[in-house]
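Data first, discussion second: the structure below is written as structure tokens.
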Amino acid sequence: MAGSEVLTEITDGIATITLNRPDRLNAATSEMLTQLLEAIRSTGTDHEVRALLITGAGRAFCAGQDLSDPKATGPSADLATLIEEGWNPIVAAIRGLPKPVVVAVNGVAAGAGANLALAGDIVIAARSAKFIQAFALIGLVPDSGGTWALPRLVGDARARGLSLFGDPIDAETARDWGMIWDVVDDDALVEETTAIARKLAAGPTLGYAAIKRAIDAAATNTLDEQLDLERDLQRELGRSRDYAEGVAAFMEKRSPEFEGR
Ligand code: T3D
């Protein structure tokens with residue numbers, strides 16, 4: 001499948017979605033955001049797909065909103081509409097997707113591009129990648145979930161510093177601060193992230209969906225509510241074929257063959 005600005009390829013249960021405006025560092029136009037949302041939604045409902053892998057073409061992951069788009073900066077620009085119709089549904093779709101989303105940050109991730117990356121479940125950056133909360137540099141507030149995700153990931157002090165200064169942080173600092181899962185050498189990024197996506201695509205998809213849901217719910221639940229949610233999710237999972245297979249494989253001392261149901 002191919003839109004011109006977002007490419008989608010499905011192989012071995014993995015949908016690889018590539019942001020594809022490399023000459024603009026994959027800065028997003030409204031058209032690109034529409035294509036990205038469509039790619040996430042359609043692969044999300046495709047039963048053959050059990051993991052998503054999002055990356056960027058060329059030397060950048062994504063430089064955020066395309067600032068040369070008159071819709072973003074012209075006299076009639078309505079940033080709320082751009083965010084409401086463009087970035088917000090994408091972040092919500094990734095967070096709410098009942099499948100694991102791996103993000104391969106192949107280069108700089110700036111502005112909404114950084115927060116798009118942070119919406120993923122497992123974020124792996126190339127060693128040369130950088131994360132920039134560039135918003136304050138142009139008089140804006142971090143969007144696309146940045147003010148929600150950053151304090152949770154790196155704590156209040158670092159979230160404020162990153163947002164107020166807009167300085168780049170390198171991939172190793174992002175990992176050491178708990179912003180992302182791991183860093184790999186640039187030339188190993190594709191291989192490593194594909195291996196991770198492959199492992200997740202062969203895993204217990206319903207269980208993964210429940211893990212995503214429970215961890216997200218913990219952001220607002222009380223402990224009692226969370227205990228109830230875990231109980232309810234476990235009740236459902238206890239009836240799944242993958243649970244039966246997981247237990248059988250353990251007892252038989254073999255690797256499980258999960259089907260995602
Ligand atoms: O505005 C709204 O709609 C509200 C929503 C806002 C969400 C946001 O994302 S706001 C934040 C927008 N993004 C930024 O402010 C980042 C802007 N880009 C940069 O700061 C730098 O380009 C980078 C730090 C990302 C990379 O720097 P560098 O030196 O590696 O590359 P470069 O030379 O700056 O960029 C290469 C080309 O990409 C260049 O074009 P040229 O000179 O070759 O014709 C540059 O203008 C273009 N480019 C990079 N980012 C954007 C962009 N063009 C349009 N929009 C961009 N965001």
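Please note that chains go A, B, ... in the order of the structure tokens, that every chain numbers its residues from 1, and that ligands are numbered from 1 in the order shown.
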
Arg59 of chain A surroundings by only C-alpha atoms, 10 Å radius, close-in-sequence under 5 positions cut, as a VMD selection string
chain A and resid 22 to 23 25 to 26 105 to 108 128 to 129

Counting only C-alpha atoms and all ligand atoms, what residues are within 6 Å of ligand 1, given as a PyMOL selection string?
chain A and resi 24-25+27+63-68+72+79+82+108+110-112+134-135

Using the selection just defined, write its residues with N, CA, C and O atoms as a PDB file, in the first residue's frame.
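Printed below is part19.pdb as written:
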```pdb
ATOM      1  N   ARG A  24      11.970  17.192   3.276  1.00  0.00           N
ATOM      2  CA  ARG A  24      11.465  18.130   4.295  1.00  0.00           C
ATOM      3  C   ARG A  24      11.647  17.547   5.685  1.00  0.00           C
ATOM      4  O   ARG A  24      10.961  17.938   6.624  1.00  0.00           O
ATOM      5  N   LEU A  25      12.529  16.586   5.834  1.00  0.00           N
ATOM      6  CA  LEU A  25      12.752  15.883   7.116  1.00  0.00           C
ATOM      7  C   LEU A  25      11.451  15.291   7.650  1.00  0.00           C
ATOM      8  O   LEU A  25      11.218  15.243   8.855  1.00  0.00           O
ATOM      9  N   ALA A  27       8.626  16.497   7.739  1.00  0.00           N
ATOM     10  CA  ALA A  27       7.682  17.447   8.343  1.00  0.00           C
ATOM     11  C   ALA A  27       6.307  17.172   7.732  1.00  0.00           C
ATOM     12  O   ALA A  27       6.191  16.855   6.545  1.00  0.00           O
ATOM     13  N   ALA A  63      10.159  16.130  11.499  1.00  0.00           N
ATOM     14  CA  ALA A  63      10.434  17.484  12.008  1.00  0.00           C
ATOM     15  C   ALA A  63       9.171  18.202  12.432  1.00  0.00           C
ATOM     16  O   ALA A  63       9.137  19.442  12.491  1.00  0.00           O
ATOM     17  N   GLY A  64       8.116  17.442  12.727  1.00  0.00           N
ATOM     18  CA  GLY A  64       6.888  18.055  13.236  1.00  0.00           C
ATOM     19  C   GLY A  64       6.031  18.641  12.131  1.00  0.00           C
ATOM     20  O   GLY A  64       6.092  18.223  10.971  1.00  0.00           O
ATOM     21  N   GLN A  65       5.241  19.622  12.511  1.00  0.00           N
ATOM     22  CA  GLN A  65       4.359  20.279  11.545  1.00  0.00           C
ATOM     23  C   GLN A  65       5.178  20.939  10.446  1.00  0.00           C
ATOM     24  O   GLN A  65       6.206  21.560  10.727  1.00  0.00           O
ATOM     25  N   ASP A  66       4.726  20.819   9.207  1.00  0.00           N
ATOM     26  CA  ASP A  66       5.391  21.539   8.115  1.00  0.00           C
ATOM     27  C   ASP A  66       5.071  23.021   8.266  1.00  0.00           C
ATOM     28  O   ASP A  66       3.937  23.451   8.050  1.00  0.00           O
ATOM     29  N   LEU A  67       6.095  23.791   8.626  1.00  0.00           N
ATOM     30  CA  LEU A  67       5.883  25.210   8.915  1.00  0.00           C
ATOM     31  C   LEU A  67       5.764  26.044   7.650  1.00  0.00           C
ATOM     32  O   LEU A  67       5.475  27.241   7.723  1.00  0.00           O
ATOM     33  N   SER A  68       5.991  25.423   6.493  1.00  0.00           N
ATOM     34  CA  SER A  68       5.802  26.174   5.247  1.00  0.00           C
ATOM     35  C   SER A  68       4.386  25.996   4.708  1.00  0.00           C
ATOM     36  O   SER A  68       4.024  26.590   3.692  1.00  0.00           O
ATOM     37  N   ALA A  72      -0.643  26.184   8.391  1.00  0.00           N
ATOM     38  CA  ALA A  72      -0.038  26.208   9.720  1.00  0.00           C
ATOM     39  C   ALA A  72       0.423  27.592  10.123  1.00  0.00           C
ATOM     40  O   ALA A  72       0.550  27.885  11.309  1.00  0.00           O
ATOM     41  N   LEU A  79      -4.568  26.775  14.207  1.00  0.00           N
ATOM     42  CA  LEU A  79      -3.747  25.679  14.718  1.00  0.00           C
ATOM     43  C   LEU A  79      -4.589  24.639  15.446  1.00  0.00           C
ATOM     44  O   LEU A  79      -4.289  23.436  15.416  1.00  0.00           O
ATOM     45  N   LEU A  82      -5.874  22.230  12.933  1.00  0.00           N
ATOM     46  CA  LEU A  82      -4.807  21.340  12.452  1.00  0.00           C
ATOM     47  C   LEU A  82      -4.512  20.243  13.469  1.00  0.00           C
ATOM     48  O   LEU A  82      -4.311  19.075  13.114  1.00  0.00           O
ATOM     49  N   VAL A 108      16.484  12.874  13.539  1.00  0.00           N
ATOM     50  CA  VAL A 108      15.894  13.881  14.409  1.00  0.00           C
ATOM     51  C   VAL A 108      14.363  13.751  14.482  1.00  0.00           C
ATOM     52  O   VAL A 108      13.697  13.474  13.482  1.00  0.00           O
ATOM     53  N   ALA A 110      11.454  16.172  15.970  1.00  0.00           N
ATOM     54  CA  ALA A 110      11.279  17.518  16.519  1.00  0.00           C
ATOM     55  C   ALA A 110       9.798  17.889  16.576  1.00  0.00           C
ATOM     56  O   ALA A 110       9.004  17.443  15.751  1.00  0.00           O
ATOM     57  N   GLY A 111       9.457  18.740  17.550  1.00  0.00           N
ATOM     58  CA  GLY A 111       8.081  19.216  17.673  1.00  0.00           C
ATOM     59  C   GLY A 111       7.120  18.047  17.795  1.00  0.00           C
ATOM     60  O   GLY A 111       7.371  17.074  18.523  1.00  0.00           O
ATOM     61  N   ALA A 112       6.023  18.142  17.051  1.00  0.00           N
ATOM     62  CA  ALA A 112       5.038  17.066  17.108  1.00  0.00           C
ATOM     63  C   ALA A 112       5.632  15.743  16.640  1.00  0.00           C
ATOM     64  O   ALA A 112       5.127  14.674  17.009  1.00  0.00           O
ATOM     65  N   ALA A 134      10.620  21.384  20.160  1.00  0.00           N
ATOM     66  CA  ALA A 134      10.951  22.653  19.501  1.00  0.00           C
ATOM     67  C   ALA A 134       9.876  23.730  19.655  1.00  0.00           C
ATOM     68  O   ALA A 134      10.071  24.867  19.210  1.00  0.00           O
ATOM     69  N   PHE A 135       8.792  23.403  20.284  1.00  0.00           N
ATOM     70  CA  PHE A 135       7.619  24.287  20.282  1.00  0.00           C
ATOM     71  C   PHE A 135       7.908  25.680  20.835  1.00  0.00           C
ATOM     72  O   PHE A 135       7.529  26.692  20.235  1.00  0.00           O
TER      73      PHE A 135
END
```

With distances taken over only C-alpha atoms, the candidate from A:Val49, A:Ile180, A:Ala126, A:Met32 nearest Ala149 of chain A is A:Ile180

Expected answer as a ChimeraX atom specification: alpha helix (DSSP H) residues in segment 101-241 of chain A:
/A:112-118,146-154,156-165,171-176,189-201,205-217,223-237,241

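Excluding Asn115 of chain A and any residue on its chain fewer than 3 positions from it, the residues at most 7 Å away by only C-alpha atoms are Gly111, Ala112, Leu118, Ala119, Ser144, Gly145 and Gly146 of chain A.
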
Write the selection just made, keeping N, CA and C atoms, as an mmCIF file, in the first residue's frame?
```cif
data_model
loop_
_atom_site.group_PDB
_atom_site.id
_atom_site.type_symbol
_atom_site.label_atom_id
_atom_site.label_comp_id
_atom_site.auth_asym_id
_atom_site.auth_seq_id
_atom_site.Cartn_x
_atom_site.Cartn_y
_atom_site.Cartn_z
ATOM 1 N N GLY A 111 9.457 18.740 17.550
ATOM 2 C CA GLY A 111 8.081 19.216 17.673
ATOM 3 C C GLY A 111 7.120 18.047 17.795
ATOM 4 N N ALA A 112 6.023 18.142 17.051
ATOM 5 C CA ALA A 112 5.038 17.066 17.108
ATOM 6 C C ALA A 112 5.632 15.743 16.640
ATOM 7 N N LEU A 118 7.026 9.408 20.778
ATOM 8 C CA LEU A 118 6.822 9.013 22.179
ATOM 9 C C LEU A 118 5.464 8.362 22.418
ATOM 10 N N ALA A 119 4.570 8.444 21.437
ATOM 11 C CA ALA A 119 3.268 7.767 21.566
ATOM 12 C C ALA A 119 3.404 6.258 21.392
ATOM 13 N N SER A 144 0.441 17.274 20.709
ATOM 14 C CA SER A 144 0.469 15.846 20.360
ATOM 15 C C SER A 144 0.773 14.992 21.593
ATOM 16 N N GLY A 145 0.275 15.430 22.732
ATOM 17 C CA GLY A 145 0.446 14.654 23.960
ATOM 18 C C GLY A 145 1.749 14.907 24.690
ATOM 19 N N GLY A 146 2.549 15.865 24.229
ATOM 20 C CA GLY A 146 3.850 16.092 24.858
ATOM 21 C C GLY A 146 3.755 16.465 26.328
#
```

Ranking A:Asp242, A:Asp176, A:Glu257, A:Asp121 by minimum distance to Lys212 of chain A and counting only C-alpha atoms, which one comes first?
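The closest residue to Lys212 of chain A is A:Asp121.
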
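Each of A:Glu31, A:Glu5, A:Asp216, A:Asp187 was checked against Ala92 of chain A using only C-alpha atoms; the smallest atom-to-atom distance is that of A:Asp216.
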
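Pairwise distance (atom CA of Gly96 of chain A, atom CA of Ile196 of chain A) equals 19.9 Å.
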
Per DSSP on the backbone, what are the strand (DSSP E or B) residues of segment 83-229 of chain A, as number ranges by chain?
A: 101-105, 108-110, 122-126, 130-132, 168-170, 182-184

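What separates atom CA of Ile94 of chain A from atom CA of Glu9 of chain A is a distance of 17.3 Å.
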
Tell me, in Å to one decimal, how far atom CA of Met179 of chain A is from atom CA of Pro151 of chain A.
9.7 Å

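Residues in contact with Asp12 of chain A at up to 9 Å, not including ones fewer than 2 positions away on its chain and judged by only C-alpha atoms, are Ile10, Ile14, Ala15, Glu48, Val49, Arg50, Arg198 and Ala201 of chain A.
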
Write the residues of the selection above to a file with C-alpha atoms, as a PDB file, in the first residue's frame.
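What landed in part.pdb:
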```pdb
ATOM      1  CA  ILE A  10       2.826  -5.555   5.446  1.00  0.00           C
ATOM      2  CA  ILE A  14       4.138  -6.504  10.784  1.00  0.00           C
ATOM      3  CA  ALA A  15       2.842  -3.307   9.189  1.00  0.00           C
ATOM      4  CA  GLU A  48      -3.224 -10.256   9.688  1.00  0.00           C
ATOM      5  CA  VAL A  49      -1.289  -7.406  11.307  1.00  0.00           C
ATOM      6  CA  ARG A  50      -0.153  -8.064  14.877  1.00  0.00           C
ATOM      7  CA  ARG A 198       8.640  -9.677  14.669  1.00  0.00           C
ATOM      8  CA  ALA A 201       3.883  -9.939  16.097  1.00  0.00           C
TER       9      ALA A 201
END
```

Any idea what's packed within 8 Å of Ala117 of chain A, counting only C-alpha atoms, ignoring anything in its chain fewer than 6 positions away? Could you give it as a list of chain:residue names?
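In the requested form, the answer reads A:Val103, A:Val105, A:Ala109, A:Val123.
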
Do you know which residues are at most 7 Å from Trp87 of chain A counting only C-alpha atoms, after dropping those on the same chain fewer than 4 positions away, and could you put them as a ChimeraX atom specification?
/A:33,83,91,144

A:Val141, A:Gln35, A:Phe258, A:Gly86 ranked by distance to Ala202 of chain A, top pick (using only C-alpha atoms):
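Of the candidates, the smallest distance to Ala202 of chain A is held by A:Phe258.
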